[in-house]
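Engineer: Structure file upload_37.pdb (PDB, C-alpha atoms, pLDDT in the B column) right here:
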ATOM      1  CA  MET A   1       0.000   0.000   0.000  1.00 44.00           C
ATOM      2  CA  PRO A   2       1.531   3.319  -0.965  1.00 44.00           C
ATOM      3  CA  SER A   3       2.047   5.597   1.976  1.00 43.00           C
ATOM      4  CA  LEU A   4       0.358   8.952   2.202  1.00 48.00           C
ATOM      5  CA  ALA A   5       2.598  11.996   2.255  1.00 40.00           C
ATOM      6  CA  THR A   6       1.567  14.508   4.858  1.00 38.00           C
ATOM      7  CA  PHE A   7       2.800  17.941   5.712  1.00 34.00           C
ATOM      8  CA  ALA A   8       6.259  16.520   5.887  1.00 35.00           C
ATOM      9  CA  GLY A   9       7.602  18.769   8.559  1.00 34.00           C
ATOM     10  CA  THR A  10       9.602  21.923   8.310  1.00 31.00           C
ATOM     11  CA  GLN A  11      12.948  23.120   7.149  1.00 33.00           C
ATOM     12  CA  GLY A  12      14.779  25.638   9.290  1.00 35.00           C
ATOM     13  CA  TYR A  13      16.302  28.731   7.800  1.00 33.00           C
ATOM     14  CA  GLY A  14      18.311  30.247  10.584  1.00 41.00           C
ATOM     15  CA  ARG A  15      17.541  29.959  14.247  1.00 45.00           C
ATOM     16  CA  GLY A  16      13.788  29.713  14.874  1.00 46.00           C
ATOM     17  CA  ALA A  17      12.745  30.107  11.212  1.00 44.00           C
ATOM     18  CA  ARG A  18      10.478  27.401   9.822  1.00 48.00           C
ATOM     19  CA  ALA A  19       8.827  26.896   6.427  1.00 53.00           C
ATOM     20  CA  THR A  20       5.879  24.523   5.984  1.00 63.00           C
ATOM     21  CA  ALA A  21       5.882  22.162   3.001  1.00 74.00           C
ATOM     22  CA  ALA A  22       2.883  22.166   0.667  1.00 84.00           C
ATOM     23  CA  PRO A  23       0.615  19.110   0.900  1.00 88.00           C
ATOM     24  CA  SER A  24       1.575  16.228  -1.356  1.00 90.00           C
ATOM     25  CA  GLY A  25       0.804  12.569  -1.836  1.00 91.00           C
ATOM     26  CA  THR A  26      -1.585  10.156  -3.488  1.00 97.00           C
ATOM     27  CA  ILE A  27      -5.062   9.426  -2.114  1.00 98.00           C
ATOM     28  CA  ARG A  28      -7.106   6.464  -3.350  1.00 98.00           C
ATOM     29  CA  VAL A  29     -10.833   7.117  -2.966  1.00 98.00           C
ATOM     30  CA  ASN A  30     -13.731   4.729  -3.434  1.00 98.00           C
ATOM     31  CA  ILE A  31     -16.972   6.620  -4.124  1.00 98.00           C
ATOM     32  CA  ILE A  32     -20.056   4.600  -3.196  1.00 98.00           C
ATOM     33  CA  GLY A  33     -23.296   6.274  -4.254  1.00 98.00           C
ATOM     34  CA  ASP A  34     -25.889   6.677  -6.974  1.00 97.00           C
ATOM     35  CA  SER A  35     -25.664   7.086 -10.750  1.00 94.00           C
ATOM     36  CA  ASN A  36     -24.277  10.650 -10.393  1.00 94.00           C
ATOM     37  CA  ILE A  37     -20.802   9.405  -9.452  1.00 97.00           C
ATOM     38  CA  ALA A  38     -19.161  10.245 -12.795  1.00 97.00           C
ATOM     39  CA  SER A  39     -20.254  13.891 -12.625  1.00 97.00           C
ATOM     40  CA  ILE A  40     -19.137  14.074  -8.991  1.00 98.00           C
ATOM     41  CA  VAL A  41     -15.653  12.874  -9.948  1.00 98.00           C
ATOM     42  CA  THR A  42     -15.435  15.588 -12.609  1.00 98.00           C
ATOM     43  CA  ALA A  43     -16.528  18.249 -10.099  1.00 98.00           C
ATOM     44  CA  LEU A  44     -14.015  17.048  -7.502  1.00 98.00           C
ATOM     45  CA  ASN A  45     -11.155  17.055 -10.013  1.00 98.00           C
ATOM     46  CA  ASN A  46     -12.053  20.596 -11.090  1.00 97.00           C
ATOM     47  CA  ALA A  47     -12.232  21.694  -7.456  1.00 97.00           C
ATOM     48  CA  LYS A  48      -8.808  20.263  -6.633  1.00 97.00           C
ATOM     49  CA  THR A  49      -7.330  22.184  -9.552  1.00 96.00           C
ATOM     50  CA  ALA A  50      -9.058  25.387  -8.423  1.00 96.00           C
ATOM     51  CA  LEU A  51      -7.789  24.914  -4.864  1.00 95.00           C
ATOM     52  CA  GLY A  52      -4.215  24.677  -6.146  1.00 94.00           C
ATOM     53  CA  TYR A  53      -2.903  21.319  -4.895  1.00 94.00           C
ATOM     54  CA  PRO A  54      -0.665  20.254  -7.809  1.00 94.00           C
ATOM     55  CA  ALA A  55       1.406  17.870  -5.673  1.00 96.00           C
ATOM     56  CA  VAL A  56      -1.644  15.920  -4.503  1.00 97.00           C
ATOM     57  CA  THR A  57      -2.996  13.140  -6.719  1.00 98.00           C
ATOM     58  CA  ILE A  58      -6.485  11.843  -5.972  1.00 98.00           C
ATOM     59  CA  THR A  59      -7.667   8.742  -7.811  1.00 98.00           C
ATOM     60  CA  TYR A  60     -11.323   7.721  -7.755  1.00 98.00           C
ATOM     61  CA  THR A  61     -12.964   4.327  -8.094  1.00 98.00           C
ATOM     62  CA  GLN A  62     -16.668   4.511  -8.896  1.00 98.00           C
ATOM     63  CA  SER A  63     -18.835   1.975  -7.047  1.00 98.00           C
ATOM     64  CA  PRO A  64     -22.537   2.581  -7.733  1.00 97.00           C
ATOM     65  CA  ILE A  65     -24.901   1.138  -5.139  1.00 97.00           C
ATOM     66  CA  VAL A  66     -26.733  -1.708  -6.834  1.00 96.00           C
ATOM     67  CA  ALA A  67     -28.034  -5.029  -5.522  1.00 96.00           C
ATOM     68  CA  GLY A  68     -24.882  -6.834  -6.611  1.00 96.00           C
ATOM     69  CA  TYR A  69     -22.366  -4.451  -5.013  1.00 98.00           C
ATOM     70  CA  THR A  70     -21.255  -5.873  -1.653  1.00 98.00           C
ATOM     71  CA  GLY A  71     -18.415  -3.464  -0.856  1.00 98.00           C
ATOM     72  CA  SER A  72     -15.940  -6.355  -0.744  1.00 97.00           C
ATOM     73  CA  ASN A  73     -13.383  -4.194  -2.580  1.00 97.00           C
ATOM     74  CA  LEU A  74     -13.520  -1.634   0.246  1.00 98.00           C
ATOM     75  CA  THR A  75     -10.328  -2.548   2.100  1.00 98.00           C
ATOM     76  CA  THR A  76      -7.403  -0.476   3.352  1.00 98.00           C
ATOM     77  CA  ALA A  77      -5.204  -2.385   0.896  1.00 98.00           C
ATOM     78  CA  ASN A  78      -7.212  -0.871  -1.958  1.00 98.00           C
ATOM     79  CA  PHE A  79      -8.344   2.534  -0.662  1.00 98.00           C
ATOM     80  CA  ASP A  80      -7.356   5.290   1.735  1.00 98.00           C
ATOM     81  CA  VAL A  81     -10.709   7.102   1.872  1.00 98.00           C
ATOM     82  CA  LEU A  82     -14.351   6.151   1.376  1.00 98.00           C
ATOM     83  CA  LEU A  83     -16.739   8.786  -0.008  1.00 98.00           C
ATOM     84  CA  LEU A  84     -20.241   7.513   0.744  1.00 98.00           C
ATOM     85  CA  TYR A  85     -23.661   8.998   0.121  1.00 98.00           C
ATOM     86  CA  MET A  86     -27.184   7.703  -0.477  1.00 97.00           C
ATOM     87  CA  ASN A  87     -30.187   8.485  -2.660  1.00 96.00           C
ATOM     88  CA  GLY A  88     -33.698   7.152  -3.047  1.00 94.00           C
ATOM     89  CA  GLY A  89     -34.502   3.992  -4.985  1.00 95.00           C
ATOM     90  CA  LEU A  90     -31.096   2.308  -4.561  1.00 96.00           C
ATOM     91  CA  SER A  91     -30.901  -1.463  -4.098  1.00 96.00           C
ATOM     92  CA  VAL A  92     -28.489  -1.978  -1.203  1.00 97.00           C
ATOM     93  CA  ASN A  93     -26.768  -5.339  -0.819  1.00 97.00           C
ATOM     94  CA  ALA A  94     -27.112  -6.849   2.654  1.00 97.00           C
ATOM     95  CA  SER A  95     -23.299  -7.100   3.001  1.00 98.00           C
ATOM     96  CA  LEU A  96     -22.487  -3.455   2.235  1.00 98.00           C
ATOM     97  CA  GLY A  97     -22.970  -2.083   5.753  1.00 98.00           C
ATOM     98  CA  ALA A  98     -20.790  -4.758   7.327  1.00 98.00           C
ATOM     99  CA  ASN A  99     -17.988  -4.142   4.822  1.00 98.00           C
ATOM    100  CA  ILE A 100     -18.113  -0.390   5.507  1.00 98.00           C
ATOM    101  CA  ASN A 101     -17.853  -1.130   9.233  1.00 98.00           C
ATOM    102  CA  ALA A 102     -14.871  -3.401   8.612  1.00 98.00           C
ATOM    103  CA  PHE A 103     -13.120  -0.701   6.567  1.00 98.00           C
ATOM    104  CA  ILE A 104     -13.473   1.829   9.402  1.00 98.00           C
ATOM    105  CA  ALA A 105     -12.439  -0.749  12.022  1.00 98.00           C
ATOM    106  CA  ALA A 106      -9.270  -1.406  10.011  1.00 98.00           C
ATOM    107  CA  GLY A 107      -8.396   2.303  10.067  1.00 98.00           C
ATOM    108  CA  GLY A 108     -10.003   3.342   6.797  1.00 98.00           C
ATOM    109  CA  LYS A 109     -10.940   7.030   6.541  1.00 98.00           C
ATOM    110  CA  ALA A 110     -14.281   8.333   5.276  1.00 98.00           C
ATOM    111  CA  VAL A 111     -16.238  11.330   4.009  1.00 98.00           C
ATOM    112  CA  TYR A 112     -20.035  11.051   4.143  1.00 98.00           C
ATOM    113  CA  GLY A 113     -22.852  13.033   2.552  1.00 98.00           C
ATOM    114  CA  VAL A 114     -26.649  12.926   2.629  1.00 96.00           C
ATOM    115  CA  PHE A 115     -28.928  11.059   2.447  1.00 97.00           C
ATOM    116  CA  LEU A 116     -26.881   8.681   4.584  1.00 97.00           C
ATOM    117  CA  TRP A 117     -28.670   9.845   7.741  1.00 96.00           C
ATOM    118  CA  ASN A 118     -32.116   9.444   6.181  1.00 95.00           C
ATOM    119  CA  ILE A 119     -31.978   6.292   4.023  1.00 95.00           C
ATOM    120  CA  THR A 120     -30.699   3.316   5.984  1.00 92.00           C
ATOM    121  CA  ILE A 121     -27.818   1.133   4.888  1.00 96.00           C
ATOM    122  CA  SER A 122     -28.663  -2.136   6.597  1.00 94.00           C
ATOM    123  CA  GLY A 123     -25.923  -3.308   8.953  1.00 97.00           C
ATOM    124  CA  LEU A 124     -24.037  -0.012   8.974  1.00 98.00           C
ATOM    125  CA  THR A 125     -22.995   1.039  12.477  1.00 98.00           C
ATOM    126  CA  TYR A 126     -23.959   4.701  12.439  1.00 97.00           C
ATOM    127  CA  THR A 127     -21.517   5.577  15.237  1.00 98.00           C
ATOM    128  CA  ASN A 128     -18.929   5.080  12.482  1.00 98.00           C
ATOM    129  CA  THR A 129     -20.306   8.313  10.991  1.00 98.00           C
ATOM    130  CA  PRO A 130     -20.227  11.806  12.589  1.00 98.00           C
ATOM    131  CA  PHE A 131     -24.017  12.161  12.765  1.00 98.00           C
ATOM    132  CA  VAL A 132     -26.824  10.175  14.375  1.00 97.00           C
ATOM    133  CA  TYR A 133     -29.386   8.647  11.984  1.00 96.00           C
ATOM    134  CA  ARG A 134     -32.154  11.220  11.518  1.00 90.00           C
ATOM    135  CA  GLY A 135     -34.790   9.819   9.179  1.00 89.00           C
ATOM    136  CA  ALA A 136     -35.806  13.132   7.597  1.00 91.00           C
ATOM    137  CA  GLN A 137     -34.775  15.418   4.756  1.00 92.00           C
ATOM    138  CA  SER A 138     -35.241  19.078   3.881  1.00 93.00           C
ATOM    139  CA  ASN A 139     -33.933  21.901   1.711  1.00 93.00           C
ATOM    140  CA  GLU A 140     -31.819  24.841   2.813  1.00 93.00           C
ATOM    141  CA  VAL A 141     -29.458  27.381   1.280  1.00 94.00           C
ATOM    142  CA  ALA A 142     -26.018  26.034   2.134  1.00 94.00           C
ATOM    143  CA  THR A 143     -24.120  28.960   3.615  1.00 95.00           C
ATOM    144  CA  MET A 144     -21.313  27.900   5.913  1.00 97.00           C
ATOM    145  CA  THR A 145     -20.647  29.441   9.308  1.00 97.00           C
ATOM    146  CA  VAL A 146     -17.392  28.069  10.698  1.00 97.00           C
ATOM    147  CA  THR A 147     -17.606  27.252  14.408  1.00 97.00           C
ATOM    148  CA  VAL A 148     -14.260  25.476  14.819  1.00 97.00           C
ATOM    149  CA  VAL A 149     -11.255  26.455  12.692  1.00 96.00           C
ATOM    150  CA  SER A 150     -10.228  23.516  10.515  1.00 97.00           C
ATOM    151  CA  PRO A 151      -8.237  22.912   7.318  1.00 97.00           C
ATOM    152  CA  ILE A 152     -11.432  21.433   5.892  1.00 98.00           C
ATOM    153  CA  THR A 153     -13.154  24.820   5.734  1.00 97.00           C
ATOM    154  CA  THR A 154     -10.171  27.159   5.533  1.00 92.00           C
ATOM    155  CA  GLY A 155     -10.020  29.222   2.339  1.00 88.00           C
ATOM    156  CA  ILE A 156     -13.476  28.199   1.080  1.00 94.00           C
ATOM    157  CA  THR A 157     -16.096  30.868   0.439  1.00 94.00           C
ATOM    158  CA  ALA A 158     -19.013  30.518   2.842  1.00 96.00           C
ATOM    159  CA  THR A 159     -21.610  30.458   0.048  1.00 96.00           C
ATOM    160  CA  LEU A 160     -21.681  26.789  -0.917  1.00 96.00           C
ATOM    161  CA  SER A 161     -24.863  26.561  -2.987  1.00 95.00           C
ATOM    162  CA  ASN A 162     -24.841  29.988  -4.668  1.00 93.00           C
ATOM    163  CA  GLY A 163     -27.981  31.121  -2.846  1.00 93.00           C
ATOM    164  CA  ALA A 164     -30.088  28.174  -4.000  1.00 94.00           C
ATOM    165  CA  SER A 165     -31.761  25.642  -1.727  1.00 94.00           C
ATOM    166  CA  THR A 166     -30.159  22.228  -1.738  1.00 94.00           C
ATOM    167  CA  TYR A 167     -30.941  18.947  -0.046  1.00 95.00           C
ATOM    168  CA  ASN A 168     -29.830  18.482   3.547  1.00 95.00           C
ATOM    169  CA  GLN A 169     -31.093  16.737   6.650  1.00 94.00           C
ATOM    170  CA  PRO A 170     -32.608  18.824   9.438  1.00 94.00           C
ATOM    171  CA  SER A 171     -31.636  18.843  13.103  1.00 93.00           C
ATOM    172  CA  LEU A 172     -28.716  16.482  12.699  1.00 94.00           C
ATOM    173  CA  VAL A 173     -27.196  15.473  16.029  1.00 95.00           C
ATOM    174  CA  ALA A 174     -23.453  14.839  16.215  1.00 97.00           C
ATOM    175  CA  GLN A 175     -22.200  11.580  17.663  1.00 98.00           C
ATOM    176  CA  SER A 176     -20.692  11.862  21.151  1.00 98.00           C
ATOM    177  CA  ASP A 177     -17.159  11.588  19.752  1.00 98.00           C
ATOM    178  CA  ALA A 178     -17.745  14.046  16.880  1.00 98.00           C
ATOM    179  CA  THR A 179     -17.053  17.783  16.621  1.00 98.00           C
ATOM    180  CA  VAL A 180     -19.318  20.105  14.625  1.00 98.00           C
ATOM    181  CA  ILE A 181     -17.011  22.530  12.794  1.00 98.00           C
ATOM    182  CA  ALA A 182     -19.557  24.395  10.633  1.00 98.00           C
ATOM    183  CA  THR A 183     -23.278  25.156  10.638  1.00 97.00           C
ATOM    184  CA  ALA A 184     -25.912  26.289   8.137  1.00 95.00           C
ATOM    185  CA  PRO A 185     -28.054  29.464   8.431  1.00 92.00           C
ATOM    186  CA  SER A 186     -30.736  27.623  10.428  1.00 91.00           C
ATOM    187  CA  GLY A 187     -28.113  26.551  12.939  1.00 93.00           C
ATOM    188  CA  ASN A 188     -28.296  23.035  11.526  1.00 94.00           C
ATOM    189  CA  SER A 189     -25.032  21.091  11.617  1.00 96.00           C
ATOM    190  CA  LEU A 190     -23.271  21.305   8.251  1.00 97.00           C
ATOM    191  CA  VAL A 191     -19.838  19.713   8.800  1.00 98.00           C
ATOM    192  CA  ALA A 192     -18.671  17.444  11.615  1.00 98.00           C
ATOM    193  CA  THR A 193     -15.522  15.387  12.156  1.00 98.00           C
ATOM    194  CA  GLN A 194     -14.386  12.288  14.007  1.00 98.00           C
ATOM    195  CA  VAL A 195     -10.845  11.051  14.596  1.00 98.00           C
ATOM    196  CA  ASN A 196      -9.074   7.697  15.009  1.00 98.00           C
ATOM    197  CA  PRO A 197      -9.764   7.112  12.163  1.00 98.00           C
ATOM    198  CA  ARG A 198     -10.586  10.445  10.570  1.00 98.00           C
ATOM    199  CA  ARG A 199     -14.138  10.786   9.258  1.00 99.00           C
ATOM    200  CA  VAL A 200     -16.063  13.808   7.964  1.00 98.00           C
ATOM    201  CA  GLY A 201     -19.829  14.237   7.689  1.00 98.00           C
ATOM    202  CA  ILE A 202     -21.093  16.931   5.300  1.00 98.00           C
ATOM    203  CA  ASN A 203     -24.805  17.731   5.414  1.00 97.00           C
ATOM    204  CA  MET A 204     -25.160  18.241   1.670  1.00 97.00           C
ATOM    205  CA  PHE A 205     -26.054  15.938  -1.207  1.00 96.00           C
ATOM    206  CA  PRO A 206     -22.893  15.300  -3.278  1.00 96.00           C
ATOM    207  CA  GLY A 207     -24.938  14.889  -6.442  1.00 94.00           C
ATOM    208  CA  VAL A 208     -25.114  18.702  -6.727  1.00 93.00           C
ATOM    209  CA  LEU A 209     -21.348  19.261  -6.736  1.00 96.00           C
ATOM    210  CA  SER A 210     -21.236  19.851 -10.488  1.00 95.00           C
ATOM    211  CA  SER A 211     -23.390  22.948  -9.876  1.00 95.00           C
ATOM    212  CA  TYR A 212     -21.672  24.313  -6.766  1.00 97.00           C
ATOM    213  CA  SER A 213     -17.909  24.749  -7.001  1.00 96.00           C
ATOM    214  CA  ASN A 214     -17.418  25.856  -3.389  1.00 97.00           C
ATOM    215  CA  ALA A 215     -19.250  22.769  -2.141  1.00 97.00           C
ATOM    216  CA  ALA A 216     -16.984  20.626  -4.329  1.00 98.00           C
ATOM    217  CA  LYS A 217     -13.955  22.331  -2.774  1.00 98.00           C
ATOM    218  CA  LEU A 218     -15.326  21.522   0.680  1.00 98.00           C
ATOM    219  CA  PHE A 219     -15.545  17.834  -0.227  1.00 98.00           C
ATOM    220  CA  VAL A 220     -12.005  17.847  -1.658  1.00 98.00           C
ATOM    221  CA  ASN A 221     -10.617  19.422   1.499  1.00 98.00           C
ATOM    222  CA  ALA A 222     -12.544  16.861   3.537  1.00 98.00           C
ATOM    223  CA  ILE A 223     -11.020  14.013   1.517  1.00 98.00           C
ATOM    224  CA  MET A 224      -7.532  15.445   1.946  1.00 98.00           C
ATOM    225  CA  TRP A 225      -8.014  16.021   5.690  1.00 98.00           C
ATOM    226  CA  ALA A 226      -9.404  12.523   6.188  1.00 98.00           C
ATOM    227  CA  ALA A 227      -6.410  11.043   4.384  1.00 98.00           C
ATOM    228  CA  GLY A 228      -3.971  13.035   6.516  1.00 97.00           C
ATOM    229  CA  VAL A 229      -2.623  14.993   3.567  1.00 97.00           C
ATOM    230  CA  LEU A 230      -4.173  18.239   4.829  1.00 96.00           C
ATOM    231  CA  ASN A 231      -3.520  19.094   8.487  1.00 93.00           C
TER     232      ASN A 231
END
Let me see the file written as structure tokens.
Structural biologist:
Amino acid sequence: MPSLATFAGTQGYGRGARATAAPSGTIRVNIIGDSNIASIVTALNNAKTALGYPAVTITYTQSPIVAGYTGSNLTTANFDVLLLYMNGGLSVNASLGANINAFIAAGGKAVYGVFLWNITISGLTYTNTPFVYRGAQSNEVATMTVTVVSPITTGITATLSNGASTYNQPSLVAQSDATVIATAPSGNSLVATQVNPRRVGINMFPGVLSSYSNAAKLFVNAIMWAAGVLN
């Protein structure tokens, strides 16, 4: 398994002077979701370019949720980060939740989007995600108010959905070991994190990323933070 390069430390230039290296490395991501995955990959690649991370390579494997997809390829030997989201009408294999749990238990990192906390993945242990299962959905203009400074949100314009309403899940409650780092205008949790291993929950539907460049940047930063490339 190729190792991930992190902020590799500092180089001194005279007594007390330190310069921080730019993030670099390769991140292998498995996207598990609906039929929008191809457009999401394009949006994420464009966002990484716009963010200016030329020394970071992110490769994506597309794993649409269908009855035959068990998640058996989701291992730390194959992937560094899971990007998981749900949508209506998907046929979820009974083994998928257990394989996601096993990936996290083995130290696999993850980024999650809606409707994960509304549409159940059978067998998934929801404490492996930053938010408690909610069972509801709504629409809200995604404008980000940062509550805890984090590399995930740093440098991203607060207006994520360009003033338009987008799908989210109302009144999300963070898990006891999670930290909410950003909220939406209603006060609803927008971004939350867990550590050991690193996981990020984003209360937006990734299928809209091709329309909202700042939201795509947020997901890219989340992927990089989860992988340990962005600290």
Engineer: Could you expand the PyMOL selection byres ((chain A and resi 76) around 10) into the explicit residues it covers here, written as a ChimeraX atom specification?
Structural biologist: /A:1,28,73-75,77-82,102-104,106-109
Engineer: Would you pick out the contacts of segment 221-227 of chain A at 6 Å or less, using only C-alpha atoms, so that residues sharing its chain but fewer than 2 positions from it are not included, and give the list as a list of chain:residue names?
Structural biologist: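 Counting only the stated atoms, we get A:Lys109, A:Ile152, A:Arg198, A:Arg199, A:Leu218, A:Phe219, A:Val229, A:Leu230.
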Engineer: List every residue of segment 152-174 of chain A that has an atom at most 10 Å from any atom of segment 117-121 of chain A, giving for each one its closest atom pair and the distance in Å to one decimal, counting only C-alpha atoms, sorted by chain and then by ascending residue number, as a Markdown table.
Structural biologist:
| residue | atom | partner | partner_atom | distance |
| --- | --- | --- | --- | --- |
| A:Asn168 | CA | A:Trp117 | CA | 9.7 |
| A:Gln169 | CA | A:Asn118 | CA | 7.4 |
| A:Pro170 | CA | A:Asn118 | CA | 9.9 |
| A:Leu172 | CA | A:Trp117 | CA | 8.3 |
Engineer: Applying the PyMOL selection byres ((chain A and resi 200-207) around 6) to the file I just gave you, which residues come out? Please list them as an mmCIF file with C-alpha atoms, in the coordinates of the input.
Structural biologist:
data_model
loop_
_atom_site.group_PDB
_atom_site.id
_atom_site.type_symbol
_atom_site.label_atom_id
_atom_site.label_comp_id
_atom_site.auth_asym_id
_atom_site.auth_seq_id
_atom_site.Cartn_x
_atom_site.Cartn_y
_atom_site.Cartn_z
ATOM 1 C CA ASN A 36 -24.277 10.650 -10.393
ATOM 2 C CA VAL A 111 -16.238 11.330 4.009
ATOM 3 C CA TYR A 112 -20.035 11.051 4.143
ATOM 4 C CA GLY A 113 -22.852 13.033 2.552
ATOM 5 C CA VAL A 114 -26.649 12.926 2.629
ATOM 6 C CA PRO A 130 -20.227 11.806 12.589
ATOM 7 C CA TYR A 167 -30.941 18.947 -0.046
ATOM 8 C CA ASN A 168 -29.830 18.482 3.547
ATOM 9 C CA LEU A 190 -23.271 21.305 8.251
ATOM 10 C CA VAL A 191 -19.838 19.713 8.800
ATOM 11 C CA ALA A 192 -18.671 17.444 11.615
ATOM 12 C CA THR A 193 -15.522 15.387 12.156
ATOM 13 C CA ARG A 199 -14.138 10.786 9.258
ATOM 14 C CA VAL A 208 -25.114 18.702 -6.727
ATOM 15 C CA LEU A 209 -21.348 19.261 -6.736
#
Engineer: Could you write out as a list of chain:residue names the residues that the PyMOL selection byres ((chain A and resi 35) around 9) matches in the shown file?
Structural biologist: A:Gly33, A:Asp34, A:Asn36, A:Ile37, A:Ala38, A:Ser39, A:Pro64, A:Ile65, A:Gly207
Engineer: Can I get the selection written as an mmCIF file, keeping the file's coordinate frame, with C-alpha atoms?
Structural biologist:
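Output below, filename part_17.cif:
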data_model
loop_
_atom_site.group_PDB
_atom_site.id
_atom_site.type_symbol
_atom_site.label_atom_id
_atom_site.label_comp_id
_atom_site.auth_asym_id
_atom_site.auth_seq_id
_atom_site.Cartn_x
_atom_site.Cartn_y
_atom_site.Cartn_z
ATOM 1 C CA GLY A 33 -23.296 6.274 -4.254
ATOM 2 C CA ASP A 34 -25.889 6.677 -6.974
ATOM 3 C CA ASN A 36 -24.277 10.650 -10.393
ATOM 4 C CA ILE A 37 -20.802 9.405 -9.452
ATOM 5 C CA ALA A 38 -19.161 10.245 -12.795
ATOM 6 C CA SER A 39 -20.254 13.891 -12.625
ATOM 7 C CA PRO A 64 -22.537 2.581 -7.733
ATOM 8 C CA ILE A 65 -24.901 1.138 -5.139
ATOM 9 C CA GLY A 207 -24.938 14.889 -6.442
#
Engineer: Could you tell me how far atom CA of Val180 of chain A lies from atom CA of Val146 of chain A, in Å and to one decimal?
Structural biologist: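 Those two atoms sit 9.1 Å apart.
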Engineer: If you measure from atom CA of Ser150 of chain A to atom CA of Leu51 of chain A, what distance in Å do you get, rounded to one decimal?
Structural biologist: 15.6 Å
Engineer: Taking into account all atoms listed in the file, which residue in the set A:Ala216, A:Leu116, A:Ala158, A:Leu124 is nearest to Gly97 of chain A?
Structural biologist: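 Of the candidates, the smallest distance to Gly97 of chain A is held by A:Leu124.
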Engineer: Using only C-alpha atoms, can you tell me which of A:Ile156, A:Ala164, A:Ala174, A:Ala215 comes closest to Val132 of chain A?
Structural biologist: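 Ranked by minimum distance to Val132 of chain A, first place goes to A:Ala174.
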Engineer: Using only C-alpha atoms, find all polymer residues with an atom at most 12 Å away from the point (-13.1, 22.8, -7.4); report them as a PyMOL selection string.
Structural biologist: chain A and resi 40-53+156-157+160+209-221
Engineer: Smallest atom-to-atom distance to Ser122 of chain A: which of A:Thr70, A:Thr59, A:Gln175, A:Asn162, using all atoms listed in the file?
Structural biologist: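 Closest candidate: A:Thr70.
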Engineer: Just to confirm, what's the straight-line distance from atom CA of Thr159 of chain A to atom CA of Arg134 of chain A in Å (one decimal)?
Structural biologist: 24.8 Å
